[in-house]
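Colleague: Pasting in a structure now, in structure tokens, and then I'll have a few things to ask.
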2 protein chains.
Amino acid sequence: MNIDRRKFVSHLGLLSTATLISANSLIGATRPKKTKLGIALVGLGYYSKDLLAPALLDTEYCYLAGIVTGTPAKAVEWKAKYNIPDKNIYNYDNFDQIANNPDIDVVYVVLPPSMHREYVVRAAKAGKHVFCEKPMAPTVADCEAMIKACKDNKVKLSIGYRCQHDPNIQAYMKATKEGKFGKVRMINSAAGYFDGRSNHWKQNKALGGGVMGDMGVYALQGARLATGEEPINVIAQASTFRPEIYKEVEETMMFQLEFPSGARAACQTSFGVNMNHLQIQYEKGWIRMEPQSGYSGNKGSMSDGTLINFPYLKKMQQPIQLDNDCKALLDGTDLLVPGEEGLRDIRVVEAIYKSVATGRMINL
Amino acid sequence: MNIDRRKFVSHLGLLSTATLISANSLIGATRPKKTKLGIALVGLGYYSKDLLAPALLDTEYCYLAGIVTGTPAKAVEWKAKYNIPDKNIYNYDNFDQIANNPDIDVVYVVLPPSMHREYVVRAAKAGKHVFCEKPMAPTVADCEAMIKACKDNKVKLSIGYRCQHDPNIQAYMKATKEGKFGKVRMINSAAGYFDGRSNHWKQNKALGGGVMGDMGVYALQGARLATGEEPINVIAQASTFRPEIYKEVEETMMFQLEFPSGARAACQTSFGVNMNHLQIQYEKGWIRMEPQSGYSGNKGSMSDGTLINFPYLKKMQQPIQLDNDCKALLDGTDLLVPGEEGLRDIRVVEAIYKSVATGRMINL
């Protein structure tokens, strides 16, 4: 860390004063504060290209400062489109040199899930805060290693869950917490879409594919956020409508959860079915959301007639998430969705696969 | 049967010509046709008192002709309220003499489920057509014995499923059959209500209690009617929110079904949760119903904007069901919901209990 900090300070003279006044998080409060953090996106697939990069044009507390890509053509394209200086463009071989680049405050890992651990750990070792897309990683062991690496290197880790930043999701979480309708009794949570691709990482086991990690965590989070509890057991059924495409991983997963309060959830996720809804049945009422985990437009209603339809201050969830997380880093406050939250889901995901393998309920 | 028929004919002179012109189903077409069938309700609990008896004031093809009760006070009350002649009032000891009563064309068994088999068989032996409330009986063996008894005695057997007679339920069945949105992929079907009682047959194992037979068959039927298929396997989880009340039977059941087409259903039923909804996700659209199995007011919508909101020609489902079934008996056509349909559900219900006992998926 000391070497990195020295190198960091030596670069200060080169930086744009418009975007970097100082680097308070690493250097301390005696210098003027940085007002926007520089983010480097690692992996320039669909989600970076169509969602995160546009979002970073709409953020107050961060901007797209750099990219990490293994495809030179993409580097050329992004450099032109987003005016990214050559010194902020990395490939997977020279990625670790990002440690010396004070433009980059946060590394956002948007790679296939099986690569999350490696790049989160490398980013942490480079002394950068890390945002990591969901699912956090294929295994609990991966997640724990990622959390430890960030802790050891004194950087923060946030998981790219958009939904917790959405005021509409926060509305039902609040209703549960306040006991507006009594205890939660029964939940149905579904999240899926028809994926027409056949050679994406989502169909590839080695890359961390399978619907459970991708869309399944939304169905799972619907239940976890609606109860505000962690499940105590799970039983699951995997299936596929298109075995010719889903040879290595499941296309569809149904799983059922029991929570400490006695609440039960039936969850459904699929790459073969368009669905996105959440029904929460309480002792004295209900809340329904549809969609429940869209990039925007999540909305719902409550049995007392309350509508859940908060407007988005930004058009999409991604700039809200990015701004919330970067403001927390700038202010030194807690992140809303730290690595531990990603781990909670993967703990259940791992149990779900174990249940499928054994045909049994798995205690958590 | 010959003796019964002779006795039947000997009673014809005593009958009201307004309600009984002849008894075509037993006597043949040479005599003028009966235009209304006489129904005897067996068991005068809530469902007979508050639903079926009022419904029988609103029917075209049948009327309340008699009652069978073990409670003399109820006999007095019903006799006065519905103008039932003494000769059409039976208790459980003299019930079999109903064979000699030509006023009674149909015996409707509205007793707790564990008594269904005995009274369906006795009614069949008395030469009467039989309507039997759902659940048909606690076991597949019971159902098969009931079907056989009716066949052996050449009487018809209908199960008291209201929903198949509801034009709103028929609307989604038709959409599936016609492939309006392609194949069914994923279903969520929930049916439950908060039951505040503690000493009803629904909490009593010996009487055939437990939520699965009572509300569970609605959740199950939602999935069966939506797919138009019979499930090939099931896995289930029983639970209770109120163990102090649900000591012998389950208060809540979640069960998951796989169908031959690959469609999957997650079903939920409970005596502790008010819920009644059905979501059908097809390849190219969806249908939602809420409520899905109310006595009236079932309605829904389709992804193409079609509303499912057929008006009820009668206020409730019960008079529609009674009239449809009695018209079929009068016309000599097939019953919409014969004993075989009740058996299909109980086959799944039995497997659900087996799954709970073993913790395993049960093939059907």
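Labeling convention for the structure tokens: chains A, B, ... as they appear, residues from 1 per chain, ligands from 1 in order of appearance.
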Give me the residues within 7 Å of Gln256 of chain B as number ranges by chain, counting only C-alpha atoms and dropping any in the same chain fewer than 6 places off.

Modeller: B: 234-236, 265-267

Colleague: Would you kindly report the residues of chain B within 8 Å of chain A, using only C-alpha atoms, as a list in words?

Modeller: Arg185, Met186, Asn188, Thr240, Phe241, Met254, Gly262, Ala266, Cys267, Gln268, Gly272, Val273, Asn274, Met275, Gln281, Tyr282, Glu283, Gly359, Arg360 and Met361 of chain B

Colleague: Mind checking which residues fall within 8 Å of Leu37 of chain A, counting only C-alpha atoms, ignoring those fewer than 2 positions away in the same chain, and posting them as a list in words?

Modeller: Thr19, Leu20, Lys34, Thr35, Ile39, Tyr61, Cys62, Tyr63, Ile104, Asp105, Val106, Cys326 and Leu330 of chain A

Colleague: Write a file of the just-selected residues containing N, CA and C atoms, as an mmCIF file, in the first residue's frame.

Modeller:
data_model
loop_
_atom_site.group_PDB
_atom_site.id
_atom_site.type_symbol
_atom_site.label_atom_id
_atom_site.label_comp_id
_atom_site.auth_asym_id
_atom_site.auth_seq_id
_atom_site.Cartn_x
_atom_site.Cartn_y
_atom_site.Cartn_z
ATOM 1 N N THR A 19 -11.805 17.036 -12.891
ATOM 2 C CA THR A 19 -12.401 15.803 -12.379
ATOM 3 C C THR A 19 -11.755 15.309 -11.104
ATOM 4 N N LEU A 20 -10.559 15.779 -10.837
ATOM 5 C CA LEU A 20 -9.887 15.301 -9.634
ATOM 6 C C LEU A 20 -9.237 16.472 -8.920
ATOM 7 N N LYS A 34 -11.937 15.239 -3.645
ATOM 8 C CA LYS A 34 -12.387 14.824 -4.964
ATOM 9 C C LYS A 34 -13.911 14.890 -4.953
ATOM 10 N N THR A 35 -14.517 15.349 -6.015
ATOM 11 C CA THR A 35 -15.987 15.413 -6.048
ATOM 12 C C THR A 35 -16.587 14.338 -6.940
ATOM 13 N N ILE A 39 -14.120 5.744 -12.487
ATOM 14 C CA ILE A 39 -14.425 4.307 -12.512
ATOM 15 C C ILE A 39 -13.816 3.674 -13.759
ATOM 16 N N TYR A 61 -21.555 11.643 -8.985
ATOM 17 C CA TYR A 61 -20.408 11.379 -8.118
ATOM 18 C C TYR A 61 -19.359 10.477 -8.750
ATOM 19 N N CYS A 62 -19.524 10.154 -10.015
ATOM 20 C CA CYS A 62 -18.526 9.312 -10.668
ATOM 21 C C CYS A 62 -18.614 9.495 -12.180
ATOM 22 N N TYR A 63 -17.586 9.034 -12.866
ATOM 23 C CA TYR A 63 -17.557 9.128 -14.326
ATOM 24 C C TYR A 63 -16.715 7.977 -14.853
ATOM 25 N N ILE A 104 -8.086 6.319 -11.570
ATOM 26 C CA ILE A 104 -9.011 5.220 -11.283
ATOM 27 C C ILE A 104 -9.167 5.052 -9.775
ATOM 28 N N ASP A 105 -10.355 5.374 -9.286
ATOM 29 C CA ASP A 105 -10.646 5.183 -7.860
ATOM 30 C C ASP A 105 -11.354 3.861 -7.602
ATOM 31 N N VAL A 106 -12.159 3.465 -8.601
ATOM 32 C CA VAL A 106 -12.988 2.265 -8.440
ATOM 33 C C VAL A 106 -12.833 1.381 -9.670
ATOM 34 N N CYS A 326 -20.823 5.668 -4.935
ATOM 35 C CA CYS A 326 -19.671 6.585 -5.000
ATOM 36 C C CYS A 326 -19.792 7.697 -3.964
ATOM 37 N N LEU A 330 -17.055 8.596 -1.188
ATOM 38 C CA LEU A 330 -16.568 9.970 -0.996
ATOM 39 C C LEU A 330 -16.790 10.443 0.430
#

Colleague: Which of these residues is nearest to Lys156 of chain A, using only C-alpha atoms: A:Lys125, A:Lys314, A:Lys33, A:Lys205?

Modeller: A:Lys125

Colleague: Pro319 of chain A: which residues within 8 Å, counting only C-alpha atoms, same-chain residues fewer than 3 positions away excluded, as a PyMOL selection string?

Modeller: chain A and resi 52+55-56+58-59+314+316+322-323
